[in-house]
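Asker: Quick one, data.csv (CSV, C-alpha atoms and all ligand atoms):
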```csv
chain,number,residue,atom,x,y,z
P,979,MET,CA,-17.1,-25.9,-41.5
P,980,GLU,CA,-19.3,-28.2,-43.7
P,981,LEU,CA,-19.6,-30.8,-40.9
P,982,ASP,CA,-20.4,-28.0,-38.4
P,983,ALA,CA,-23.2,-26.7,-40.7
P,984,ARG,CA,-24.6,-30.1,-41.3
P,985,TYR,CA,-24.3,-31.9,-37.9
P,986,ALA,CA,-23.7,-29.5,-35.0
P,987,MET,CA,-26.6,-27.6,-33.4
P,988,PRO,CA,-26.1,-24.0,-34.5
P,989,THR,CA,-25.8,-22.6,-31.0
P,990,TYR,CA,-22.5,-20.8,-31.5
P,991,GLY,CA,-21.4,-17.9,-33.7
P,992,ARG,CA,-18.0,-19.0,-34.8
P,993,ALA,CA,-15.2,-16.9,-36.5
P,994,PRO,CA,-14.1,-18.5,-39.8
P,995,VAL,CA,-10.9,-20.0,-38.5
P,996,GLU,CA,-9.9,-23.6,-37.5
P,997,PHE,CA,-7.2,-23.8,-34.9
P,998,VAL,CA,-5.1,-26.9,-35.0
P,999,ARG,CA,-2.2,-26.2,-32.6
P,1000,GLY,CA,-1.3,-24.1,-29.6
P,1001,GLU,CA,1.8,-23.3,-27.5
P,1002,GLY,CA,2.1,-20.7,-24.8
P,1003,ALA,CA,0.2,-17.6,-26.0
P,1004,ARG,CA,0.3,-18.7,-29.6
P,1005,LEU,CA,-2.2,-20.5,-31.8
P,1006,TRP,CA,-1.9,-21.8,-35.4
P,1007,ASP,CA,-4.7,-22.3,-37.8
P,1008,ALA,CA,-5.1,-25.1,-40.4
P,1009,ASP,CA,-3.2,-23.0,-43.0
P,1010,GLY,CA,-0.2,-22.6,-40.7
P,1011,LYS,CA,-0.9,-18.9,-39.9
P,1012,GLU,CA,0.2,-17.9,-36.4
P,1013,TYR,CA,-1.9,-15.9,-34.0
P,1014,LEU,CA,-1.3,-14.2,-30.6
P,1015,ASP,CA,-4.1,-15.5,-28.3
P,1016,PHE,CA,-5.6,-12.8,-26.1
P,1017,PHE,CA,-8.7,-14.9,-25.3
P,1018,ALA,CA,-7.2,-18.1,-23.9
P,1019,GLY,CA,-10.2,-20.2,-24.9
P,1020,LEU,CA,-12.5,-18.0,-22.8
P,1021,SER,CA,-10.1,-17.8,-19.8
P,1022,VAL,CA,-9.4,-21.5,-19.7
P,1023,HIS,CA,-5.8,-21.7,-20.8
P,1024,ASN,CA,-4.4,-19.3,-18.2
P,1025,ALA,CA,-1.2,-21.4,-18.0
P,1026,GLY,CA,-0.8,-21.1,-21.8
P,1027,HIS,CA,-1.5,-23.7,-24.4
P,1028,CYS,CA,0.1,-27.1,-23.9
P,1029,HIS,CA,2.0,-26.2,-20.8
P,1030,PRO,CA,4.6,-29.0,-20.4
P,1031,LEU,CA,3.7,-29.5,-16.7
P,1032,ILE,CA,0.0,-29.9,-17.5
P,1033,VAL,CA,0.6,-32.1,-20.5
P,1034,ALA,CA,2.9,-34.4,-18.5
P,1035,ALA,CA,0.4,-34.6,-15.6
P,1036,ILE,CA,-2.4,-35.6,-18.1
P,1037,ARG,CA,-0.2,-38.2,-19.9
P,1038,ASP,CA,1.2,-39.7,-16.7
P,1039,GLN,CA,-2.3,-40.1,-15.1
P,1040,ALA,CA,-3.8,-41.4,-18.4
P,1041,GLU,CA,-1.2,-44.1,-18.4
P,1042,ARG,CA,-2.0,-45.2,-14.9
P,1043,LEU,CA,-5.8,-44.8,-14.1
P,1044,GLY,CA,-8.6,-43.1,-16.0
P,1045,GLY,CA,-11.1,-43.5,-13.2
P,1046,ALA,CA,-13.0,-45.8,-10.9
P,1047,SER,CA,-16.0,-43.6,-10.0
P,1048,ASN,CA,-16.7,-41.5,-6.9
P,1049,LEU,CA,-17.7,-44.6,-5.0
P,1050,TYR,CA,-14.0,-45.3,-4.4
P,1051,TYR,CA,-11.0,-43.2,-3.4
P,1052,THR,CA,-8.6,-41.7,-5.9
P,1053,GLU,CA,-5.7,-39.5,-4.8
P,1054,PRO,CA,-5.7,-36.7,-7.5
P,1055,ALA,CA,-9.3,-35.6,-6.6
P,1056,MET,CA,-8.6,-35.5,-2.9
P,1057,ARG,CA,-5.4,-33.6,-3.4
P,1058,LEU,CA,-7.3,-31.1,-5.6
P,1059,CYS,CA,-9.9,-30.6,-2.9
P,1060,GLN,CA,-7.1,-30.1,-0.4
P,1061,ARG,CA,-5.3,-27.5,-2.6
P,1062,LEU,CA,-8.5,-25.6,-3.4
P,1063,ALA,CA,-9.7,-25.5,0.3
P,1064,GLU,CA,-6.2,-24.5,1.6
P,1065,SER,CA,-5.8,-21.8,-1.0
P,1066,SER,CA,-9.2,-20.2,-0.3
P,1067,LEU,CA,-11.9,-20.5,2.2
P,1068,GLY,CA,-10.5,-23.5,4.2
P,1069,GLY,CA,-13.7,-25.5,4.2
P,1070,LYS,CA,-14.8,-28.3,1.9
P,1071,VAL,CA,-15.0,-28.8,-1.8
P,1072,PHE,CA,-17.5,-30.4,-4.3
P,1073,LEU,CA,-15.8,-31.2,-7.6
P,1074,CYS,CA,-17.7,-31.1,-10.8
P,1075,ASN,CA,-17.2,-30.6,-14.6
P,1076,SER,CA,-18.0,-27.0,-15.5
P,1077,GLY,CA,-18.8,-23.6,-14.2
P,1078,THR,CA,-22.6,-23.9,-14.5
P,1079,GLU,CA,-22.4,-27.1,-12.5
P,1080,ALA,CA,-20.3,-25.4,-9.8
P,1081,ASN,CA,-23.1,-22.8,-9.5
P,1082,GLU,CA,-25.8,-25.5,-9.4
P,1083,CYS,CA,-24.0,-27.0,-6.4
P,1084,ALA,CA,-23.8,-23.6,-4.7
P,1085,ILE,CA,-27.5,-23.0,-5.4
P,1086,LYS,CA,-28.4,-26.3,-3.8
P,1087,LEU,CA,-26.1,-25.7,-0.9
P,1088,VAL,CA,-27.5,-22.2,-0.1
P,1089,ARG,CA,-31.1,-23.4,-0.5
P,1090,LYS,CA,-30.5,-26.4,1.8
P,1091,HIS,CA,-28.8,-24.0,4.3
P,1092,ALA,CA,-31.9,-21.8,4.1
P,1093,HIS,CA,-34.3,-24.7,4.6
P,1094,LEU,CA,-32.3,-25.8,7.7
P,1095,ARG,CA,-32.9,-22.2,9.0
P,1096,GLY,CA,-36.7,-22.8,8.5
P,1097,ILE,CA,-37.1,-20.8,5.3
P,1098,GLU,CA,-39.7,-22.5,3.1
P,1099,THR,CA,-39.3,-20.6,-0.1
P,1100,PRO,CA,-35.7,-19.4,-0.2
P,1101,GLU,CA,-34.6,-16.7,-2.6
P,1102,ILE,CA,-31.2,-15.9,-4.1
P,1103,VAL,CA,-30.5,-12.2,-4.9
P,1104,VAL,CA,-28.5,-11.8,-8.1
P,1105,LEU,CA,-27.2,-8.8,-10.1
P,1106,GLU,CA,-28.4,-7.6,-13.4
P,1107,GLY,CA,-25.8,-8.3,-16.1
P,1108,ALA,CA,-24.6,-11.4,-14.3
P,1109,PHE,CA,-23.7,-14.6,-16.1
P,1110,HIS,CA,-23.8,-17.8,-14.0
P,1111,GLY,CA,-24.3,-20.5,-16.6
P,1112,ARG,CA,-26.7,-22.3,-18.9
P,1113,THR,CA,-28.3,-25.1,-16.9
P,1114,LEU,CA,-31.7,-24.3,-15.6
P,1115,GLY,CA,-30.8,-23.1,-12.1
P,1116,ALA,CA,-27.7,-21.1,-13.2
P,1117,LEU,CA,-29.8,-19.8,-16.1
P,1118,ALA,CA,-32.5,-18.6,-13.7
P,1119,ALA,CA,-29.7,-16.7,-11.9
P,1120,THR,CA,-28.7,-15.0,-15.2
P,1121,PRO,CA,-31.3,-12.3,-15.7
P,1122,ARG,CA,-30.1,-11.4,-19.2
P,1123,LEU,CA,-30.7,-14.9,-20.6
P,1124,ALA,CA,-33.5,-16.3,-18.4
P,1125,ARG,CA,-36.0,-16.3,-21.2
P,1126,GLU,CA,-39.3,-17.7,-19.7
P,1127,ASP,CA,-40.8,-17.5,-23.2
P,1128,LEU,CA,-38.2,-19.9,-24.7
P,1129,PHE,CA,-37.1,-22.1,-21.8
P,1130,GLY,CA,-39.7,-21.7,-19.1
P,1131,PRO,CA,-40.9,-22.7,-16.7
P,1132,LEU,CA,-37.6,-21.8,-15.1
P,1133,PRO,CA,-36.9,-22.4,-11.4
P,1134,ALA,CA,-38.4,-19.7,-9.2
P,1135,GLY,CA,-36.6,-18.0,-6.3
P,1136,PHE,CA,-34.1,-15.6,-8.0
P,1137,ALA,CA,-34.4,-11.8,-7.4
P,1138,PRO,CA,-32.3,-9.6,-9.7
P,1139,VAL,CA,-31.2,-6.1,-8.6
P,1140,PRO,CA,-29.1,-3.5,-10.5
P,1141,ARG,CA,-25.4,-4.2,-10.3
P,1142,ASP,CA,-24.5,-0.7,-9.1
P,1143,ASP,CA,-27.1,0.1,-6.5
P,1144,PRO,CA,-26.1,-0.8,-2.9
P,1145,ALA,CA,-29.4,0.5,-1.5
P,1146,ALA,CA,-31.4,-1.7,-3.9
P,1147,LEU,CA,-29.4,-4.7,-2.9
P,1148,ARG,CA,-29.8,-4.1,0.8
P,1149,ALA,CA,-33.6,-3.7,0.3
P,1150,ALA,CA,-33.8,-6.9,-1.7
P,1151,VAL,CA,-32.2,-9.0,1.1
P,1152,GLY,CA,-34.7,-10.1,3.7
P,1153,GLU,CA,-36.1,-13.0,5.7
P,1154,ARG,CA,-36.4,-15.3,2.7
P,1155,THR,CA,-32.9,-14.6,1.4
P,1156,ALA,CA,-30.7,-17.7,1.1
P,1157,ALA,CA,-27.8,-16.0,-0.5
P,1158,VAL,CA,-26.5,-13.1,-2.6
P,1159,MET,CA,-24.6,-14.4,-5.6
P,1160,ILE,CA,-22.2,-12.1,-7.4
P,1161,GLU,CA,-19.4,-12.3,-10.0
P,1162,PRO,CA,-16.8,-9.9,-8.5
P,1163,ILE,CA,-16.1,-8.8,-12.0
P,1164,GLN,CA,-18.8,-9.5,-14.5
P,1165,GLY,CA,-17.1,-11.2,-17.4
P,1166,GLU,CA,-19.7,-12.1,-20.0
P,1167,ALA,CA,-21.3,-8.6,-19.6
P,1168,GLY,CA,-18.1,-7.0,-20.9
P,1169,ILE,CA,-15.8,-6.8,-17.8
P,1170,PHE,CA,-17.6,-4.8,-15.2
P,1171,PRO,CA,-15.9,-4.8,-11.8
P,1172,ILE,CA,-18.6,-4.6,-9.0
P,1173,ALA,CA,-18.1,-1.6,-6.8
P,1174,ASP,CA,-16.8,-2.0,-3.3
P,1175,GLU,CA,-19.9,-0.4,-1.9
P,1176,VAL,CA,-22.1,-3.0,-3.6
P,1177,LEU,CA,-19.9,-5.9,-2.3
P,1178,LEU,CA,-19.9,-4.4,1.2
P,1179,ALA,CA,-23.7,-3.9,1.1
P,1180,ALA,CA,-24.0,-7.6,0.1
P,1181,ARG,CA,-21.8,-8.8,2.9
P,1182,GLU,CA,-23.5,-6.7,5.6
P,1183,ALA,CA,-27.0,-7.5,4.4
P,1184,CYS,CA,-26.2,-11.3,4.4
P,1185,ASP,CA,-24.7,-11.1,7.9
P,1186,VAL,CA,-27.9,-9.3,9.2
P,1187,ALA,CA,-30.2,-11.8,7.4
P,1188,GLY,CA,-28.2,-14.9,8.2
P,1189,ALA,CA,-27.8,-15.4,4.4
P,1190,LEU,CA,-24.7,-16.5,2.5
P,1191,LEU,CA,-22.5,-14.6,0.1
P,1192,VAL,CA,-21.5,-16.6,-2.9
P,1193,LEU,CA,-18.8,-15.2,-5.2
P,1194,ASP,CA,-18.7,-16.7,-8.7
P,1195,GLU,CA,-15.0,-16.8,-9.5
P,1196,ILE,CA,-15.4,-18.9,-12.6
P,1197,GLN,CA,-13.9,-16.2,-14.8
P,1198,SER,CA,-12.2,-14.0,-12.3
P,1199,GLY,CA,-10.4,-16.8,-10.4
P,1200,MET,CA,-7.3,-18.8,-11.2
P,1201,GLY,CA,-5.0,-15.8,-11.2
P,1202,ARG,CA,-6.9,-13.9,-13.8
P,1203,THR,CA,-6.9,-10.6,-11.8
P,1204,GLY,CA,-3.4,-11.0,-10.3
P,1205,SER,CA,-4.3,-12.9,-7.2
P,1206,LEU,CA,-5.3,-16.6,-7.2
P,1207,TRP,CA,-8.9,-15.5,-6.4
P,1208,ALA,CA,-10.3,-12.1,-7.2
P,1209,TYR,CA,-11.8,-11.7,-3.7
P,1210,GLU,CA,-8.3,-11.6,-2.2
P,1211,GLN,CA,-8.1,-8.0,-3.5
P,1212,LEU,CA,-11.6,-7.1,-2.2
P,1213,HIS,CA,-12.8,-5.9,1.2
P,1214,VAL,CA,-15.3,-8.8,1.6
P,1215,ARG,CA,-14.8,-12.5,2.3
P,1216,PRO,CA,-17.4,-14.8,0.8
P,1217,ASP,CA,-19.0,-17.9,2.4
P,1218,VAL,CA,-18.8,-19.9,-0.9
P,1219,ILE,CA,-16.9,-19.6,-4.1
P,1220,THR,CA,-17.4,-21.3,-7.4
P,1221,VAL,CA,-14.5,-22.0,-9.7
P,1222,ALA,CA,-14.1,-23.6,-13.1
P,1223,LYS,CA,-12.6,-22.6,-16.5
P,1224,ALA,CA,-8.8,-22.5,-16.0
P,1225,LEU,CA,-9.1,-24.8,-12.9
P,1226,GLY,CA,-8.8,-27.9,-15.2
P,1227,GLY,CA,-5.8,-26.7,-17.2
P,1228,GLY,CA,-7.8,-27.3,-20.3
P,1229,LEU,CA,-9.9,-30.2,-19.1
P,1230,PRO,CA,-13.4,-29.8,-17.8
P,1231,VAL,CA,-13.2,-29.2,-14.0
P,1232,GLY,CA,-15.4,-27.1,-11.7
P,1233,ALA,CA,-15.6,-26.7,-8.0
P,1234,CYS,CA,-17.8,-25.3,-5.2
P,1235,VAL,CA,-15.7,-24.3,-2.2
P,1236,THR,CA,-17.0,-23.4,1.3
P,1237,THR,CA,-15.9,-22.0,4.6
P,1238,PRO,CA,-15.4,-24.6,7.4
P,1239,GLU,CA,-18.8,-23.8,8.9
P,1240,LEU,CA,-20.6,-24.8,5.6
P,1241,GLY,CA,-18.5,-27.8,4.7
P,1242,GLU,CA,-21.2,-30.3,5.6
P,1243,VAL,CA,-24.4,-28.6,4.6
P,1244,LEU,CA,-24.5,-31.0,1.6
P,1245,GLY,CA,-24.4,-34.5,2.9
P,1246,ARG,CA,-24.4,-38.0,1.5
P,1247,GLY,CA,-26.8,-38.4,-1.4
P,1248,ASP,CA,-27.5,-34.6,-1.7
P,1249,HIS,CA,-25.4,-34.2,-4.8
P,1250,GLY,CA,-23.1,-36.1,-7.2
P,1251,SER,CA,-21.7,-36.5,-10.7
P,1252,THR,CA,-20.3,-39.4,-12.6
P,1253,PHE,CA,-17.3,-37.7,-14.1
P,1254,ALA,CA,-16.5,-35.3,-11.2
P,1255,GLY,CA,-13.0,-35.5,-9.8
P,1256,ALA,CA,-12.0,-38.1,-12.4
P,1257,PRO,CA,-8.2,-38.7,-12.0
P,1258,ILE,CA,-7.0,-37.3,-15.3
P,1259,ALA,CA,-8.9,-34.1,-15.0
P,1260,ALA,CA,-8.0,-33.7,-11.3
P,1261,ALA,CA,-4.3,-34.3,-12.1
P,1262,ALA,CA,-4.5,-31.6,-14.8
P,1263,GLY,CA,-6.1,-29.3,-12.2
P,1264,LEU,CA,-3.4,-29.8,-9.7
P,1265,ALA,CA,-0.8,-29.1,-12.4
P,1266,ALA,CA,-2.7,-25.9,-13.4
P,1267,LEU,CA,-2.7,-24.7,-9.8
P,1268,GLU,CA,1.0,-25.5,-9.5
P,1269,VAL,CA,1.7,-23.2,-12.5
P,1270,ILE,CA,-0.7,-20.4,-11.6
P,1271,ASP,CA,-0.5,-20.2,-7.8
P,1272,ASP,CA,3.0,-18.6,-8.1
P,1273,PRO,CA,3.6,-15.1,-6.5
P,1274,ALA,CA,6.0,-14.1,-9.4
P,1275,LEU,CA,3.5,-15.0,-12.1
P,1276,LEU,CA,0.6,-13.2,-10.2
P,1277,ARG,CA,2.8,-10.1,-9.7
P,1278,GLY,CA,3.4,-10.2,-13.5
P,1279,VAL,CA,-0.3,-10.4,-14.1
P,1280,ARG,CA,-0.9,-7.2,-12.1
P,1281,GLU,CA,2.0,-5.3,-13.7
P,1282,LEU,CA,1.4,-6.4,-17.3
P,1283,GLY,CA,-2.4,-5.8,-16.9
P,1284,ALA,CA,-1.9,-2.3,-15.7
P,1285,ARG,CA,0.5,-1.6,-18.6
P,1286,PHE,CA,-1.9,-3.1,-21.2
P,1287,MET,CA,-4.9,-1.2,-19.9
P,1288,GLN,CA,-2.9,2.1,-19.9
P,1289,GLY,CA,-1.9,1.4,-23.5
P,1290,LEU,CA,-5.4,0.7,-24.6
P,1291,GLY,CA,-6.7,3.8,-22.8
P,1292,ALA,CA,-4.3,6.0,-24.8
P,1293,LEU,CA,-5.9,5.0,-28.1
P,1294,ASP,CA,-8.3,7.6,-29.5
P,1295,ALA,CA,-10.9,5.0,-30.5
P,1296,VAL,CA,-11.2,3.7,-27.0
P,1297,ALA,CA,-13.8,5.4,-24.8
P,1298,GLU,CA,-13.4,3.4,-21.6
P,1299,VAL,CA,-11.1,0.7,-20.2
P,1300,ARG,CA,-12.2,-1.6,-17.4
P,1301,GLY,CA,-10.8,-4.5,-15.5
P,1302,ARG,CA,-8.1,-5.9,-13.1
P,1303,GLY,CA,-5.0,-7.8,-13.9
P,1304,LEU,CA,-5.3,-9.5,-17.3
P,1305,MET,CA,-9.2,-9.4,-17.2
P,1306,VAL,CA,-9.7,-6.4,-19.5
P,1307,GLY,CA,-12.6,-4.9,-21.3
P,1308,VAL,CA,-13.0,-1.8,-23.4
P,1309,THR,CA,-15.9,0.3,-24.7
P,1310,LEU,CA,-15.1,1.7,-28.1
P,1311,ALA,CA,-16.0,5.3,-29.2
P,1312,ASP,CA,-19.5,5.7,-30.7
P,1313,GLY,CA,-19.9,4.7,-34.3
P,1314,LEU,CA,-17.3,1.9,-34.2
P,1315,ASP,CA,-18.3,-1.7,-34.8
P,1316,SER,CA,-16.7,-4.0,-32.3
P,1317,SER,CA,-17.4,-7.2,-34.4
P,1318,ALA,CA,-15.6,-5.6,-37.4
P,1319,VAL,CA,-12.7,-4.5,-35.1
P,1320,ALA,CA,-12.3,-8.1,-33.7
P,1321,ALA,CA,-12.5,-9.5,-37.2
P,1322,ARG,CA,-9.7,-7.2,-38.4
P,1323,ALA,CA,-7.6,-8.0,-35.3
P,1324,LEU,CA,-8.1,-11.7,-36.1
P,1325,ASP,CA,-7.0,-11.0,-39.7
P,1326,GLN,CA,-3.9,-9.4,-38.3
P,1327,GLY,CA,-3.2,-12.4,-36.1
P,1328,LEU,CA,-4.7,-11.3,-32.7
P,1329,VAL,CA,-7.5,-13.3,-31.1
P,1330,ILE,CA,-9.8,-11.1,-29.0
P,1331,ASN,CA,-13.5,-11.3,-28.1
P,1332,VAL,CA,-16.7,-9.3,-28.5
P,1333,PRO,CA,-18.9,-9.5,-25.4
P,1334,GLY,CA,-21.4,-7.0,-26.8
P,1335,PRO,CA,-22.0,-4.0,-29.1
P,1336,LEU,CA,-19.1,-1.5,-28.9
P,1337,MET,CA,-17.2,-3.7,-26.4
P,1338,LEU,CA,-14.1,-5.8,-26.7
P,1339,ARG,CA,-12.7,-8.3,-24.1
P,1340,PHE,CA,-9.1,-9.4,-23.6
P,1341,LEU,CA,-8.3,-12.5,-21.5
P,1342,PRO,CA,-4.7,-13.6,-22.5
P,1343,PRO,CA,-2.9,-16.5,-21.0
P,1344,LEU,CA,-1.2,-15.3,-17.8
P,1345,ILE,CA,2.2,-16.5,-18.9
P,1346,ILE,CA,2.5,-13.7,-21.5
P,1347,GLY,CA,5.4,-11.2,-21.2
P,1348,GLU,CA,6.1,-7.6,-22.1
P,1349,GLU,CA,6.7,-8.5,-25.7
P,1350,GLU,CA,3.3,-10.0,-26.2
P,1351,VAL,CA,1.6,-7.0,-24.5
P,1352,GLU,CA,3.5,-4.7,-26.9
P,1353,ALA,CA,2.6,-6.8,-29.9
P,1354,ALA,CA,-1.1,-6.9,-29.0
P,1355,HIS,CA,-1.1,-3.2,-28.3
P,1356,GLY,CA,0.6,-2.6,-31.7
P,1357,ILE,CA,-2.1,-4.6,-33.5
P,1358,MET,CA,-4.9,-2.9,-31.7
P,1359,ALA,CA,-3.4,0.5,-32.5
P,1360,ARG,CA,-3.2,-0.4,-36.2
P,1361,VAL,CA,-6.7,-1.9,-36.3
P,1362,LEU,CA,-8.3,1.0,-34.5
P,1363,GLY,CA,-6.2,3.6,-36.4
V,1,LIG,N1,-20.0,-18.2,-14.3
V,1,LIG,C1,-19.2,-17.3,-15.0
V,1,LIG,C2,-18.7,-16.0,-14.3
V,1,LIG,C3,-18.7,-17.5,-16.3
V,1,LIG,O1,-18.0,-16.6,-16.9
V,1,LIG,C4,-19.1,-18.7,-16.9
V,1,LIG,C5,-18.7,-19.0,-18.3
V,1,LIG,O2,-18.4,-18.2,-19.1
V,1,LIG,C6,-19.9,-19.6,-16.2
V,1,LIG,C7,-20.3,-19.3,-14.9
V,1,LIG,C8,-20.4,-20.9,-16.8
V,1,LIG,O3,-19.3,-21.8,-16.9
V,1,LIG,P1,-19.4,-23.0,-18.0
V,1,LIG,O4,-19.5,-22.5,-19.3
V,1,LIG,O5,-18.1,-23.8,-17.7
V,1,LIG,O6,-20.6,-23.8,-17.6
```
Can you present the structure in this file as structure tokens?
Ligand code: PLP

Answerer:
Amino acid sequence: MELDARYAMPTYGRAPVEFVRGEGARLWDADGKEYLDFFAGLSVHNAGHCHPLIVAAIRDQAERLGGASNLYYTEPAMRLCQRLAESSLGGKVFLCNSGTEANECAIKLVRKHAHLRGIETPEIVVLEGAFHGRTLGALAATPRLAREDLFGPLPAGFAPVPRDDPAALRAAVGERTAAVMIEPIQGEAGIFPIADEVLLAAREACDVAGALLVLDEIQSGMGRTGSLWAYEQLHVRPDVITVAKALGGGLPVGACVTTPELGEVLGRGDHGSTFAGAPIAAAAGLAALEVIDDPALLRGVRELGARFMQGLGALDAVAEVRGRGLMVGVTLADGLDSSAVAARALDQGLVINVPGPLMLRFLPPLIIGEEEVEAAHGIMARVLG
């Protein structure tokens, strides 16, 4: 904590705990205290902490080859592209190192696609409440944080509309629209599933305008909602998805995935990254997909998620429960302080997150069982009682 205060830029609000070890859905702090982790490092450790398959894949690859750059071939990256494409839109993949980079790739791709259609100043329609990342393009697509006064000038060409108004969305899509970009369930906002009507309006409006539908699956993907990708449970099919977080099994991996028609919009020299697709990270990603892309595990996510949400909804202090699978948010009854509630839960050994005033967020590892759901529910009942 002293080193953090002295040497790290103070960009994070940290809870006063230092974690030193993890296994499955458990974490241990520097004093040896055990915690039940219902945050999974912000939906990164979906396969649980230190999953043996992922640890072995990392160790094995680290002992053979750490990298040789993207100017040569390495097998793990190509296998990861194959697995991502075959499990989703069937087109082509650009690998990168984070969620925000995956979205930067999607932004460049849809802009180039628009320029190829003769649009000189393309625009991307985004939803209020969205979170797409912190680099300048992704930040400009994140209305809540796109502070011109602090970080301007930000890239132009992003048009925010309310997240629950299909008519407003339809009206915002026009001749200049390159894409509509949507998180199927807004995560950072506090877990707000986007209504079917809004998603259908986006798909239809894009089809009429010749624009592309980009779904940001960075938080909702990798099994979080009980299917490998959240869009599998929706009535719309996107043209592009962006993926990251749990994709790297704990290492930094992101990806932008297209349909076959869009696989070659970005060509040689259009995009790149030194670390992208590095063999150790790609091997970890393949192992993470091996663990998570499992029908029995995904069924468990849907069943346990429904049970957990039902349990939370039965607590007097909970005003609303939202989510799908194990991507769960609650709004507390008026007068409660969500930060104080999360601090008390942490004290009782349960790690949860506060996405905003009155709100709590639960993103446990997907390998949890009934016992962990009961334990988390018990702690929440005590804390809120
Ligand atoms: N998009 C969504 C939906 C996210 O939840 C996040 C991170 O929370 C990002 C993009 C940015 O990802 P990263 O922090 O890996 O850059």

Asker: For Trp1006 in chain P, work out the shell of residues within 12 Å, counting all atoms listed in the file and skipping chain neighbours fewer than 6 positions away, then give it as a PyMOL selection string.

Answerer: chain P and resi 995-1000+1012-1015+1027+1324+1327-1329

Asker: Write the selection just made, keeping C-alpha atoms, as a PDB file, keeping the file's coordinate frame?

Answerer:
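This went into again_31.pdb:
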```pdb
ATOM      1  CA  VAL P 995     -10.900 -20.000 -38.500  1.00  0.00           C
ATOM      2  CA  GLU P 996      -9.900 -23.600 -37.500  1.00  0.00           C
ATOM      3  CA  PHE P 997      -7.200 -23.800 -34.900  1.00  0.00           C
ATOM      4  CA  VAL P 998      -5.100 -26.900 -35.000  1.00  0.00           C
ATOM      5  CA  ARG P 999      -2.200 -26.200 -32.600  1.00  0.00           C
ATOM      6  CA  GLY P1000      -1.300 -24.100 -29.600  1.00  0.00           C
ATOM      7  CA  GLU P1012       0.200 -17.900 -36.400  1.00  0.00           C
ATOM      8  CA  TYR P1013      -1.900 -15.900 -34.000  1.00  0.00           C
ATOM      9  CA  LEU P1014      -1.300 -14.200 -30.600  1.00  0.00           C
ATOM     10  CA  ASP P1015      -4.100 -15.500 -28.300  1.00  0.00           C
ATOM     11  CA  HIS P1027      -1.500 -23.700 -24.400  1.00  0.00           C
ATOM     12  CA  LEU P1324      -8.100 -11.700 -36.100  1.00  0.00           C
ATOM     13  CA  GLY P1327      -3.200 -12.400 -36.100  1.00  0.00           C
ATOM     14  CA  LEU P1328      -4.700 -11.300 -32.700  1.00  0.00           C
ATOM     15  CA  VAL P1329      -7.500 -13.300 -31.100  1.00  0.00           C
TER      16      VAL P1329
END
```

Asker: What's the 12 Å shell around Ser1076 in chain P, counting all atoms listed in the file, without same-chain residues fewer than 3 positions away, as number ranges by chain?

Answerer: P: 1022, 1072-1073, 1079-1083, 1110-1113, 1116, 1196-1197, 1220-1226, 1228-1234, 1251, 1253-1255, 1259

Asker: One decimal, in Å: what's the spacing between CA of Glu980 in chain P and atom O3 of ligand LIG 1 (chain V)?

Answerer: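 Taking CA of Glu980 in chain P and atom O3 of ligand LIG 1 (chain V), their separation equals 27.6 Å.
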
Asker: Which neighbours of Glu1166 in chain P fall inside 12 Å, counting all atoms listed in the file, when residues of the same chain fewer than 3 positions from it are skipped, and could you give them as a compact mmCIF listing (two decimals) with C-alpha atoms, in the coordinates of the input?

Answerer:
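Written file, result_34.txt:
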```txt
# COMPACT_ATOMS: atom_id res chain seq x y z
CA LEU P 1020 -12.50 -18.00 -22.80
CA SER P 1021 -10.10 -17.80 -19.80
CA GLU P 1106 -28.40 -7.60 -13.40
CA GLY P 1107 -25.80 -8.30 -16.10
CA ALA P 1108 -24.60 -11.40 -14.30
CA PHE P 1109 -23.70 -14.60 -16.10
CA HIS P 1110 -23.80 -17.80 -14.00
CA GLY P 1111 -24.30 -20.50 -16.60
CA THR P 1120 -28.70 -15.00 -15.20
CA ARG P 1122 -30.10 -11.40 -19.20
CA LEU P 1123 -30.70 -14.90 -20.60
CA GLU P 1161 -19.40 -12.30 -10.00
CA ILE P 1163 -16.10 -8.80 -12.00
CA ILE P 1169 -15.80 -6.80 -17.80
CA PHE P 1170 -17.60 -4.80 -15.20
CA PRO P 1171 -15.90 -4.80 -11.80
CA ILE P 1196 -15.40 -18.90 -12.60
CA GLN P 1197 -13.90 -16.20 -14.80
CA SER P 1198 -12.20 -14.00 -12.30
CA MET P 1305 -9.20 -9.40 -17.20
CA VAL P 1306 -9.70 -6.40 -19.50
CA GLY P 1307 -12.60 -4.90 -21.30
CA ASN P 1331 -13.50 -11.30 -28.10
CA VAL P 1332 -16.70 -9.30 -28.50
CA PRO P 1333 -18.90 -9.50 -25.40
CA GLY P 1334 -21.40 -7.00 -26.80
CA MET P 1337 -17.20 -3.70 -26.40
CA LEU P 1338 -14.10 -5.80 -26.70
CA ARG P 1339 -12.70 -8.30 -24.10
CA PHE P 1340 -9.10 -9.40 -23.60
CA LEU P 1341 -8.30 -12.50 -21.50
```

Asker: List the neighbours of Leu1244 in chain P out to 12 Å using all atoms listed in the file; skip same-chain residues closer than 2 positions along the sequence, and give me the result as a VMD selection string.

Answerer: chain P and resid 1070 to 1072 1083 to 1091 1094 1234 to 1236 1239 to 1242 1246 to 1250

Asker: Take the point (-16.0, -3.4, -37.0) in the file's coordinates, draw a sphere of radius 12 Å around it, and report as a VMD selection string every protein, DNA or RNA residue with an atom inside or on it, counting all atoms listed in the file.

Answerer: chain P and resid 1295 1310 to 1324 1332 1335 to 1338 1361 to 1362

Asker: Determine the nearest neighbour of ligand LIG 1 (chain V) from the options P:Asn1075, P:Thr1203, P:Thr1237, P:Gln1326, counting all atoms listed in the file.

Answerer: P:Asn1075
